[in-house]
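Undergrad: The following file, protein36.csv, comprises CSV, C-alpha atoms:
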```csv
chain,number,residue,atom,x,y,z
M,261,MET,CA,-11.7,40.5,196.9
M,262,SER,CA,-8.6,40.1,194.8
M,263,ILE,CA,-9.0,42.7,192.2
M,264,SER,CA,-5.8,44.2,190.7
M,265,ILE,CA,-4.0,46.9,192.5
M,266,LYS,CA,-4.0,49.1,189.4
M,267,VAL,CA,-7.8,48.8,189.0
M,268,LYS,CA,-8.3,49.4,192.7
M,269,GLU,CA,-6.2,52.6,192.5
M,270,GLY,CA,-8.1,53.7,189.3
M,271,LEU,CA,-11.5,53.2,191.1
M,272,ALA,CA,-10.3,55.5,193.9
M,273,ALA,CA,-8.9,58.1,191.6
M,274,SER,CA,-11.9,58.3,189.3
M,275,SER,CA,-14.7,58.0,191.8
M,276,TRP,CA,-16.3,61.3,190.7
M,277,THR,CA,-16.6,59.9,187.1
M,278,VAL,CA,-17.9,56.5,188.2
M,279,LYS,CA,-20.7,58.2,190.2
M,280,ALA,CA,-21.5,60.4,187.2
M,281,PHE,CA,-22.0,57.5,184.9
M,282,ASP,CA,-24.0,55.3,187.2
M,283,GLY,CA,-26.2,58.2,188.3
M,284,ARG,CA,-25.3,58.0,192.0
M,285,ALA,CA,-25.4,61.3,193.8
M,286,GLN,CA,-25.8,62.6,197.3
M,287,THR,CA,-27.1,66.0,198.5
M,288,VAL,CA,-27.7,67.3,201.9
M,289,SER,CA,-30.9,69.0,201.0
M,290,GLY,CA,-32.6,66.1,199.2
M,291,GLU,CA,-34.0,68.6,196.7
M,292,GLU,CA,-34.0,68.5,192.9
M,293,LEU,CA,-30.7,67.6,191.3
M,294,TYR,CA,-29.1,69.8,188.6
M,295,ASP,CA,-26.7,67.4,187.0
M,296,PHE,CA,-23.9,69.0,184.9
M,297,ARG,CA,-21.4,66.2,185.2
M,298,LEU,CA,-21.5,64.4,181.9
M,299,GLY,CA,-21.4,65.4,178.2
M,300,ASN,CA,-24.6,63.4,177.7
M,301,PRO,CA,-26.7,65.7,175.5
M,302,LYS,CA,-30.4,66.3,176.3
M,303,ILE,CA,-30.9,67.7,172.8
M,304,GLU,CA,-32.4,64.9,170.7
M,305,PRO,CA,-30.8,63.6,167.5
M,306,PRO,CA,-31.6,65.5,164.2
M,307,VAL,CA,-34.6,64.3,162.3
M,308,GLU,CA,-32.3,63.0,159.5
M,309,PHE,CA,-30.9,60.5,161.9
M,310,VAL,CA,-34.3,59.3,163.0
M,311,GLU,CA,-35.5,59.0,159.4
M,312,GLU,CA,-32.4,57.1,158.3
M,313,LEU,CA,-32.7,54.8,161.3
M,314,LYS,CA,-36.3,54.0,160.2
M,315,VAL,CA,-35.2,53.3,156.6
M,316,VAL,CA,-32.5,50.9,157.7
M,317,ALA,CA,-34.6,49.1,160.3
M,318,ASN,CA,-37.6,48.7,158.0
M,319,ASN,CA,-35.5,47.2,155.2
M,320,PRO,CA,-33.7,44.2,156.6
M,321,PHE,CA,-31.5,42.1,154.5
M,322,PRO,CA,-29.7,38.8,155.1
M,323,GLY,CA,-26.7,39.2,157.4
M,324,MET,CA,-27.7,42.7,158.3
M,325,HIS,CA,-26.8,42.2,162.0
M,326,GLY,CA,-23.8,40.0,161.5
M,327,TYR,CA,-20.2,41.0,161.9
M,328,SER,CA,-18.9,43.6,159.4
M,329,ALA,CA,-15.4,43.4,158.0
M,330,LEU,CA,-13.0,44.2,160.9
M,331,ALA,CA,-12.4,47.6,159.4
M,332,GLY,CA,-16.1,48.2,159.0
M,333,HIS,CA,-18.6,48.1,156.1
M,334,ALA,CA,-17.2,49.4,152.9
M,335,GLN,CA,-20.2,51.7,152.2
M,336,ALA,CA,-19.7,53.6,155.5
M,337,ARG,CA,-15.9,53.8,155.0
M,338,GLU,CA,-16.2,55.0,151.5
M,339,ALA,CA,-18.8,57.7,152.5
M,340,ILE,CA,-16.5,59.0,155.1
M,341,ALA,CA,-13.5,58.9,152.8
M,342,GLN,CA,-15.4,61.0,150.2
M,343,MET,CA,-16.4,63.5,152.9
M,344,LEU,CA,-12.8,63.8,154.1
M,345,SER,CA,-11.5,64.2,150.6
M,346,LYS,CA,-13.9,66.9,149.8
M,347,GLU,CA,-13.3,68.8,153.1
M,348,ARG,CA,-9.5,68.4,153.2
M,349,GLY,CA,-8.5,68.4,149.6
M,350,LEU,CA,-6.7,65.1,150.1
M,351,ASN,CA,-7.1,61.7,148.4
M,352,PHE,CA,-8.8,59.6,151.1
M,353,THR,CA,-10.1,56.2,150.2
M,354,ALA,CA,-12.0,53.6,152.2
M,355,HIS,CA,-8.5,52.0,152.9
M,356,HIS,CA,-7.7,55.1,155.1
M,357,VAL,CA,-10.7,54.7,157.3
M,358,ILE,CA,-11.7,52.2,160.0
M,359,MET,CA,-15.1,52.2,161.8
M,360,THR,CA,-14.8,52.2,165.5
M,361,ALA,CA,-16.8,51.8,168.7
M,362,GLY,CA,-17.1,55.5,169.3
M,363,GLY,CA,-14.2,57.9,169.7
M,364,ALA,CA,-13.0,56.1,172.8
M,365,GLY,CA,-12.7,52.9,170.8
M,366,GLY,CA,-10.8,54.7,168.1
M,367,LEU,CA,-8.3,56.2,170.6
M,368,ASN,CA,-7.7,52.7,172.2
M,369,ILE,CA,-7.0,51.0,168.9
M,370,ILE,CA,-4.6,53.8,168.0
M,371,LEU,CA,-2.7,53.5,171.3
M,372,LYS,CA,-2.7,49.7,171.1
M,373,THR,CA,-1.2,49.9,167.6
M,374,LEU,CA,1.5,52.5,168.4
M,375,LEU,CA,2.8,51.8,171.9
M,376,ASN,CA,5.6,49.6,173.1
M,377,PRO,CA,5.8,49.2,176.9
M,378,GLY,CA,7.2,52.3,178.6
M,379,GLU,CA,6.8,54.6,175.6
M,380,GLU,CA,5.4,58.1,176.3
M,381,VAL,CA,2.3,59.9,175.1
M,382,ILE,CA,2.1,63.7,175.7
M,383,VAL,CA,-1.3,64.9,176.9
M,384,LEU,CA,-2.2,68.6,177.3
M,385,SER,CA,-3.6,69.7,180.6
M,386,PRO,CA,-6.5,70.4,181.2
M,387,LEU,CA,-7.2,67.0,179.6
M,388,TYR,CA,-10.0,64.6,178.9
M,389,LEU,CA,-9.9,62.6,182.1
M,390,GLU,CA,-9.8,59.1,180.5
M,391,TYR,CA,-6.6,59.7,178.5
M,392,PRO,CA,-4.2,58.5,181.2
M,393,TYR,CA,-6.2,55.2,181.6
M,394,TYR,CA,-6.4,54.6,177.8
M,395,ILE,CA,-2.6,55.1,177.6
M,396,ASP,CA,-2.0,52.8,180.6
M,397,ASN,CA,-4.2,50.2,179.0
M,398,HIS,CA,-1.5,49.7,176.4
M,399,GLY,CA,1.6,49.9,178.5
M,400,GLY,CA,2.3,53.6,177.8
M,401,VAL,CA,3.3,56.4,180.1
M,402,CYS,CA,1.2,59.6,180.2
M,403,CYS,CA,3.2,62.8,180.2
M,404,LEU,CA,1.2,65.8,181.2
M,405,VAL,CA,2.1,69.2,179.7
M,406,GLU,CA,0.5,72.4,181.0
M,407,THR,CA,-1.2,74.8,178.6
M,408,ASN,CA,-1.1,78.5,179.1
M,409,ALA,CA,-3.3,80.3,181.7
M,410,ASP,CA,-5.9,80.9,178.9
M,411,PHE,CA,-5.6,77.2,177.9
M,412,THR,CA,-3.8,78.0,174.6
M,413,LEU,CA,-0.9,75.7,173.5
M,414,ASN,CA,2.5,76.3,175.1
M,415,VAL,CA,4.9,74.9,172.5
M,416,GLU,CA,7.9,75.4,174.7
M,417,ASN,CA,6.3,73.2,177.4
M,418,ILE,CA,5.6,70.5,174.8
M,419,ALA,CA,9.2,70.6,173.5
M,420,ALA,CA,10.6,70.2,177.1
M,421,LYS,CA,8.6,67.0,177.5
M,422,ILE,CA,9.6,65.3,174.2
M,423,THR,CA,12.2,62.5,174.7
M,424,PRO,CA,13.5,59.6,172.7
M,425,ARG,CA,10.7,57.6,174.4
M,426,THR,CA,7.9,59.9,173.1
M,427,LYS,CA,5.6,58.1,170.7
M,428,ALA,CA,2.7,60.4,170.3
M,429,ILE,CA,0.9,63.6,171.4
M,430,ILE,CA,-2.8,63.8,171.8
M,431,ILE,CA,-4.5,67.0,170.6
M,432,ASN,CA,-8.1,67.5,171.5
M,433,SER,CA,-9.7,70.6,169.9
M,434,PRO,CA,-12.3,71.8,170.6
M,435,ASN,CA,-11.0,70.8,174.0
M,436,ASN,CA,-12.8,68.9,176.8
M,437,PRO,CA,-13.0,70.4,179.4
M,438,THR,CA,-12.2,74.0,178.4
M,439,GLY,CA,-13.9,74.5,175.0
M,440,THR,CA,-10.7,75.9,173.6
M,441,ILE,CA,-9.9,75.7,169.9
M,442,TYR,CA,-6.1,75.6,169.3
M,443,SER,CA,-5.0,78.1,166.7
M,444,GLU,CA,-3.7,77.1,163.3
M,445,GLU,CA,-0.4,78.9,164.1
M,446,SER,CA,0.1,77.0,167.3
M,447,LEU,CA,-0.7,73.7,165.7
M,448,LYS,CA,1.8,74.4,162.9
M,449,SER,CA,4.4,75.1,165.5
M,450,VAL,CA,3.7,71.7,167.1
M,451,ALA,CA,3.9,70.0,163.7
M,452,ARG,CA,7.3,71.7,163.0
M,453,LEU,CA,8.5,70.6,166.5
M,454,LEU,CA,7.5,67.0,165.8
M,455,ASP,CA,9.2,67.0,162.4
M,456,ASP,CA,12.4,68.3,164.1
M,457,LYS,CA,12.3,65.7,166.8
M,458,ASN,CA,11.6,63.0,164.2
M,459,ARG,CA,14.8,63.9,162.4
M,460,GLU,CA,16.7,64.2,165.7
M,461,PHE,CA,15.6,60.8,167.0
M,462,GLY,CA,15.3,59.0,163.7
M,463,LYS,CA,11.8,57.9,164.5
M,464,ASP,CA,8.1,58.8,164.0
M,465,ILE,CA,6.2,60.8,166.7
M,466,PHE,CA,2.5,60.7,165.8
M,467,LEU,CA,-0.1,63.4,166.3
M,468,ILE,CA,-3.3,61.7,167.5
M,469,TYR,CA,-6.2,64.1,167.0
M,470,ASP,CA,-9.3,63.6,169.1
M,471,ALA,CA,-12.0,65.2,167.1
M,472,ALA,CA,-14.9,64.4,169.3
M,473,TYR,CA,-16.3,67.9,169.2
M,474,GLN,CA,-15.2,69.0,165.8
M,475,ASP,CA,-18.7,69.8,164.8
M,476,ILE,CA,-19.7,71.8,167.9
M,477,ILE,CA,-18.2,75.2,167.3
M,478,TYR,CA,-19.6,78.7,168.0
M,479,ASP,CA,-19.3,82.3,167.0
M,480,GLY,CA,-18.2,81.6,163.5
M,481,ASN,CA,-14.9,80.1,164.7
M,482,LYS,CA,-13.0,77.9,162.3
M,483,LEU,CA,-11.3,74.6,163.2
M,484,PRO,CA,-7.8,74.4,161.6
M,485,ASP,CA,-7.4,71.4,159.3
M,486,ILE,CA,-5.0,69.2,161.1
M,487,PHE,CA,-4.6,66.9,158.1
M,488,ASN,CA,-3.1,69.8,156.1
M,489,ILE,CA,-0.9,70.8,159.1
M,490,CYS,CA,0.7,67.5,160.1
M,491,HIS,CA,1.2,64.4,157.8
M,492,ASN,CA,1.7,62.1,160.8
M,493,THR,CA,-1.9,62.6,161.9
M,494,ILE,CA,-4.1,59.8,163.1
M,495,PHE,CA,-7.7,61.1,163.5
M,496,ALA,CA,-10.3,59.7,165.9
M,497,ALA,CA,-13.8,61.0,165.3
M,498,SER,CA,-17.2,60.2,166.8
M,499,TYR,CA,-20.9,60.6,165.8
M,500,SER,CA,-21.8,60.9,169.5
M,501,LYS,CA,-21.8,64.7,169.5
M,502,PRO,CA,-22.8,65.8,166.1
M,503,LEU,CA,-25.7,63.4,166.0
M,504,SER,CA,-26.4,63.4,169.7
M,505,ILE,CA,-26.2,59.6,169.9
M,506,PRO,CA,-23.4,58.9,172.5
M,507,GLY,CA,-25.0,55.6,173.6
M,508,GLU,CA,-24.8,54.1,170.1
M,509,ARG,CA,-21.0,54.0,170.3
M,510,ILE,CA,-20.1,54.7,166.6
M,511,GLY,CA,-17.1,56.6,165.3
M,512,TYR,CA,-14.2,56.2,162.9
M,513,THR,CA,-10.4,56.5,162.7
M,514,ALA,CA,-8.7,57.9,159.7
M,515,VAL,CA,-5.0,57.9,158.7
M,516,HIS,CA,-3.5,60.7,156.6
M,517,PRO,CA,-3.4,59.3,153.1
M,518,GLU,CA,0.1,60.7,152.5
M,519,MET,CA,1.6,59.1,155.6
M,520,GLU,CA,4.5,56.8,154.9
M,521,ASN,CA,3.5,53.2,155.4
M,522,SER,CA,-0.1,54.1,155.9
M,523,GLY,CA,-1.2,50.7,154.6
M,524,GLU,CA,0.8,48.9,157.3
M,525,LEU,CA,-0.6,51.2,159.9
M,526,MET,CA,-4.2,50.5,158.8
M,527,ASP,CA,-3.5,46.8,158.9
M,528,ALA,CA,-2.3,47.2,162.5
M,529,LEU,CA,-5.3,49.3,163.5
M,530,THR,CA,-7.6,46.6,162.1
M,531,PHE,CA,-5.7,44.0,164.0
M,532,SER,CA,-6.0,46.0,167.2
M,533,ASN,CA,-9.7,46.4,166.6
M,534,ARG,CA,-10.0,42.6,166.6
M,535,VAL,CA,-7.8,41.7,169.6
M,536,LEU,CA,-9.2,44.4,171.8
M,537,GLY,CA,-12.5,42.6,171.4
M,538,TYR,CA,-14.4,45.2,169.4
M,539,LEU,CA,-14.4,42.9,166.4
M,540,SER,CA,-16.4,45.5,164.5
M,541,ALA,CA,-18.1,48.7,165.2
M,542,PRO,CA,-21.9,48.5,165.9
M,543,VAL,CA,-23.1,47.4,162.5
M,544,LEU,CA,-26.6,48.8,162.5
M,545,MET,CA,-25.1,52.3,163.2
M,546,GLN,CA,-22.6,51.8,160.4
M,547,HIS,CA,-25.5,51.4,158.0
M,548,VAL,CA,-27.2,54.4,159.4
M,549,VAL,CA,-24.3,56.9,159.5
M,550,ALA,CA,-23.2,56.0,156.0
M,551,ASN,CA,-25.8,58.4,154.5
M,552,LEU,CA,-25.5,61.1,157.2
M,553,GLN,CA,-22.2,62.7,156.4
M,554,GLY,CA,-22.3,66.4,157.3
M,555,VAL,CA,-25.5,66.1,159.3
M,556,CYS,CA,-25.4,67.7,162.7
M,557,VAL,CA,-27.6,68.8,165.6
M,558,ASP,CA,-28.6,72.5,165.6
M,559,ARG,CA,-25.5,74.2,167.1
M,560,ALA,CA,-27.6,77.2,167.8
M,561,GLU,CA,-29.3,75.3,170.6
M,562,TYR,CA,-26.0,74.7,172.3
M,563,GLN,CA,-24.8,78.2,171.7
M,564,GLU,CA,-28.0,79.5,173.3
M,565,ARG,CA,-27.4,77.5,176.4
M,566,ARG,CA,-23.7,78.5,176.5
M,567,ASP,CA,-24.6,82.2,176.3
M,568,MET,CA,-27.4,81.9,178.8
M,569,PHE,CA,-25.2,80.0,181.3
M,570,CYS,CA,-22.0,82.1,180.7
M,571,ASP,CA,-23.8,85.4,181.1
M,572,ALA,CA,-25.4,84.3,184.3
M,573,LEU,CA,-22.2,82.9,185.8
M,574,GLU,CA,-20.3,86.0,185.0
M,575,ASP,CA,-22.9,88.1,186.8
M,576,LEU,CA,-22.5,85.8,189.8
M,577,GLY,CA,-18.7,86.3,189.9
M,578,TYR,CA,-17.4,83.2,188.2
M,579,SER,CA,-14.3,83.6,186.1
M,580,PHE,CA,-13.7,81.5,182.9
M,581,GLN,CA,-12.8,81.5,179.3
M,582,ARG,CA,-16.0,81.5,177.2
M,583,PRO,CA,-15.9,78.2,175.3
M,584,MET,CA,-15.3,78.4,171.6
M,585,GLY,CA,-16.6,74.9,171.0
M,586,ALA,CA,-17.8,71.7,172.7
M,587,TYR,CA,-20.3,72.1,175.6
M,588,TYR,CA,-18.4,72.6,178.8
M,589,ILE,CA,-17.5,75.7,180.9
M,590,PHE,CA,-14.4,75.4,183.0
M,591,PRO,CA,-14.5,78.2,185.7
M,592,LYS,CA,-11.7,79.0,188.0
M,593,ILE,CA,-13.0,79.0,191.5
M,594,PRO,CA,-11.8,80.3,194.9
M,595,GLY,CA,-10.4,77.7,197.2
M,596,ASP,CA,-10.2,74.0,196.9
M,597,ASP,CA,-12.2,72.6,193.9
M,598,VAL,CA,-13.2,69.4,195.6
M,599,VAL,CA,-14.6,71.4,198.6
M,600,PHE,CA,-16.4,73.7,196.1
M,601,VAL,CA,-18.0,70.8,194.3
M,602,ARG,CA,-19.2,69.4,197.6
M,603,GLU,CA,-20.7,72.7,198.5
M,604,LEU,CA,-22.5,72.8,195.2
M,605,ALA,CA,-23.8,69.3,195.8
M,606,LYS,CA,-25.5,70.6,199.0
M,607,GLU,CA,-27.5,72.9,196.7
M,608,GLY,CA,-28.4,70.0,194.4
M,609,ILE,CA,-25.8,71.0,191.8
M,610,LEU,CA,-23.6,68.3,190.4
M,611,VAL,CA,-20.3,69.2,188.6
M,612,LEU,CA,-16.9,67.6,188.4
M,613,PRO,CA,-13.7,69.0,190.1
M,614,GLY,CA,-10.9,70.4,188.0
M,615,LYS,CA,-8.4,68.0,189.6
M,616,SER,CA,-10.1,65.2,187.6
M,617,PHE,CA,-9.0,67.0,184.4
M,618,GLY,CA,-5.4,67.7,185.6
M,619,ARG,CA,-6.0,71.3,186.7
M,620,SER,CA,-7.0,71.9,190.3
M,621,GLY,CA,-8.8,75.1,191.2
M,622,TYR,CA,-11.4,74.7,188.5
M,623,ILE,CA,-14.7,73.0,188.0
M,624,ARG,CA,-16.2,71.5,184.8
M,625,ILE,CA,-19.9,72.3,184.0
M,626,ALA,CA,-21.6,70.5,181.1
M,627,PHE,CA,-24.2,72.7,179.5
M,628,CYS,CA,-25.7,70.2,177.1
M,629,VAL,CA,-28.8,70.1,179.4
M,630,LYS,CA,-32.3,71.5,179.4
M,631,LYS,CA,-32.5,75.2,179.7
M,632,GLU,CA,-34.8,74.9,182.7
M,633,THR,CA,-32.0,73.0,184.5
M,634,ILE,CA,-29.6,75.9,183.9
M,635,LYS,CA,-32.1,78.5,185.0
M,636,ASN,CA,-33.2,76.7,188.1
M,637,SER,CA,-29.6,76.0,189.2
M,638,LEU,CA,-28.5,79.6,189.3
M,639,PRO,CA,-29.6,80.4,192.8
M,640,GLY,CA,-27.4,77.5,194.0
M,641,PHE,CA,-24.4,78.7,192.1
M,642,LYS,CA,-24.9,82.1,193.6
M,643,GLU,CA,-25.2,80.8,197.1
M,644,VAL,CA,-22.0,78.8,196.9
M,645,MET,CA,-20.0,81.5,195.3
M,646,ASN,CA,-21.1,83.9,198.1
M,647,ARG,CA,-19.7,81.5,200.7
M,648,PHE,CA,-16.3,81.7,199.1
M,649,MET,CA,-16.1,85.4,198.3
```
Would you mind writing the structure in this file as structure tokens?
TA:
Amino acid sequence: MSISIKVKEGLAASSWTVKAFDGRAQTVSGEELYDFRLGNPKIEPPVEFVEELKVVANNPFPGMHGYSALAGHAQAREAIAQMLSKERGLNFTAHHVIMTAGGAGGLNIILKTLLNPGEEVIVLSPLYLEYPYYIDNHGGVCCLVETNADFTLNVENIAAKITPRTKAIIINSPNNPTGTIYSEESLKSVARLLDDKNREFGKDIFLIYDAAYQDIIYDGNKLPDIFNICHNTIFAASYSKPLSIPGERIGYTAVHPEMENSGELMDALTFSNRVLGYLSAPVLMQHVVANLQGVCVDRAEYQERRDMFCDALEDLGYSFQRPMGAYYIFPKIPGDDVVFVRELAKEGILVLPGKSFGRSGYIRIAFCVKKETIKNSLPGFKEVMNRFM
């Protein structure tokens, strides 16, 4: 079959992820599967979401299911702008917000809007595994930059990768796959670096902030306000995680209200939303989320799972940074991560290898699962670690 070479290569490189999404898995034992591959939460949406969905569905009106404006329904955009203004102390309006088909849709319209062929986007490793494909979708070049051993930002490494071809850097905090929250001091250092390079090159380098997990934070940690750190910020957010509705594909993108030529940028993002085929974000969900700003699943449920899993894995000899946010553990493992993943699969445990996230020698475990799944999987985690000790 004459599929493109690039897609054929992508299929081969991302086979772990493809299998995770379509549910395929193989184990030697044929016993129960403990699937920790995807950030597909088993915690149900908050009751406020369910009630609001009922209200919207039970009160239909003409045109309710037709296309919205390309940037999204004004009511939803205005609600988000008011929330952002209150939280950030900046003057957001609906004209700074566009509704998107999830966080992924937001990232793709941003990259489509910004990139000329061959321009570079800096991505921090470990990284969300789809970033290189999103960048390639729009003719860009993905430039990986290693973080420190504890996954904190290494600004010197970032500086070394910035060239006249650099168009943007993607910051994902809390980070997938590590759960790291980048400190305010380190983010300010990145912002100063970008300002310096902007002056040196006479161009704009944008900070694209992937805020998918901004609401899933533990231990009283605070998320630095990126809008008050970097004026060249374009923000991609999603309701998938806070409302536990990843399949509904609803999110938004926001542009810093004080960014120069923000109106032109918003027009371009709206154009990209159209020509990429999204046309408008899912309209039913736009109506639903308009009245749910600030609503979130019970973070304590995720923290309970994190603590339960982390404590047990530490006792079994696994080494990792305890995640500050999101719902992934990223342990360093002895030996080859792909071999380790295959050994876990023999015990019915499904995880992803670190090489998929740009950091070999690690595995990613999603703990947004039922507590029974975590508990019942522990003997298998113990058995495999014992084989490598």
Undergrad: Residues at most 6 Å from range 571-576 of chain M, counting all atoms listed in the file, excluding those fewer than 3 positions away in the same chain, as a PyMOL selection string?
TA: chain M and resi 567-568+642
Undergrad: Which residue out of M:Ile510, M:Ala605, M:Lys501, M:Arg348 has the minimum interatomic distance to Pro484 in chain M when all atoms listed in the file are used?
TA: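 Result for the nearest residue to Pro484 in chain M: M:Arg348.
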Undergrad: One number please: CA of Ala541 in chain M to CA of Gly326 in chain M, in Å, one decimal.
TA: 11.0 Å
Undergrad: With the cut-off set at 12 Å and counting all atoms listed in the file, tabulate each residue of range 579-639 of chain M with an atom at most that distance from an atom of range 426-448 of chain M, showing the nearest atom pair and its distance in Å to one decimal, ordered by chain and increasing number, as a Markdown table.
TA:
```
| residue | atom | partner | partner_atom | distance |
| --- | --- | --- | --- | --- |
| M:Phe580 | CA | M:Thr438 | CA | 8.9 |
| M:Gln581 | CA | M:Thr438 | CA | 7.6 |
| M:Arg582 | CA | M:Gly439 | CA | 7.6 |
| M:Pro583 | CA | M:Gly439 | CA | 4.2 |
| M:Met584 | CA | M:Gly439 | CA | 5.4 |
| M:Gly585 | CA | M:Gly439 | CA | 4.8 |
| M:Ala586 | CA | M:Gly439 | CA | 5.3 |
| M:Tyr587 | CA | M:Gly439 | CA | 6.9 |
| M:Tyr588 | CA | M:Pro437 | CA | 5.9 |
| M:Ile589 | CA | M:Thr438 | CA | 6.1 |
| M:Phe590 | CA | M:Thr438 | CA | 5.3 |
| M:Pro591 | CA | M:Thr438 | CA | 8.7 |
| M:Lys592 | CA | M:Thr438 | CA | 10.8 |
| M:Val611 | CA | M:Pro437 | CA | 11.8 |
| M:Leu612 | CA | M:Pro437 | CA | 10.2 |
| M:Pro613 | CA | M:Pro437 | CA | 10.8 |
| M:Gly614 | CA | M:Pro437 | CA | 8.9 |
| M:Lys615 | CA | M:Pro437 | CA | 11.4 |
| M:Ser616 | CA | M:Pro437 | CA | 10.1 |
| M:Phe617 | CA | M:Pro437 | CA | 7.2 |
| M:Gly618 | CA | M:Pro437 | CA | 10.2 |
| M:Arg619 | CA | M:Pro437 | CA | 10.2 |
| M:Tyr622 | CA | M:Thr438 | CA | 10.2 |
| M:Ile623 | CA | M:Pro437 | CA | 9.1 |
| M:Arg624 | CA | M:Pro437 | CA | 6.4 |
| M:Ile625 | CA | M:Pro437 | CA | 8.5 |
| M:Ala626 | CA | M:Pro437 | CA | 8.8 |
| M:Phe627 | CA | M:Gly439 | CA | 11.4 |
```
Undergrad: Which residue gives the smallest distance to Pro306 in chain M among M:Tyr512, M:Phe411, M:Tyr499, M:Tyr478, with only C-alpha atoms counted?
TA: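 Of the candidates, the smallest distance to Pro306 in chain M is held by M:Tyr499.
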Undergrad: Point out the residue among M:Asp479, M:Thr360, M:Gln553, M:Tyr393 with the least atom-to-atom distance to Glu269 in chain M, counting all atoms listed in the file.
TA: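 Selected residue with least distance to Glu269 in chain M: M:Tyr393.
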Undergrad: Choose the residue, out of M:His333, M:His356, M:Arg459, M:Arg425, that has the smallest atom-to-atom separation from Gly378 in chain M; count only C-alpha atoms.
TA: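 The shortest atom-to-atom distance to Gly378 in chain M comes from M:Arg425.
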Undergrad: For range 522-535 of chain M, find every residue with an atom within 6 Å (counting all atoms listed in the file), except residues of its own chain fewer than 5 positions away, and show them as a compact mmCIF listing (two decimals) with C-alpha atoms, in the coordinates of the input.
TA:
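Dumped to part.txt:
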```
# COMPACT_ATOMS: atom_id res chain seq x y z
CA ALA M 331 -12.40 47.60 159.40
CA ILE M 369 -7.00 51.00 168.90
CA THR M 373 -1.20 49.90 167.60
```
Undergrad: If I take CA of Met324 in chain M and CA of His547 in chain M, how far is one from the other in Å, to one decimal?
TA: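 CA of His547 in chain M lies at a distance of 9.0 Å from CA of Met324 in chain M.
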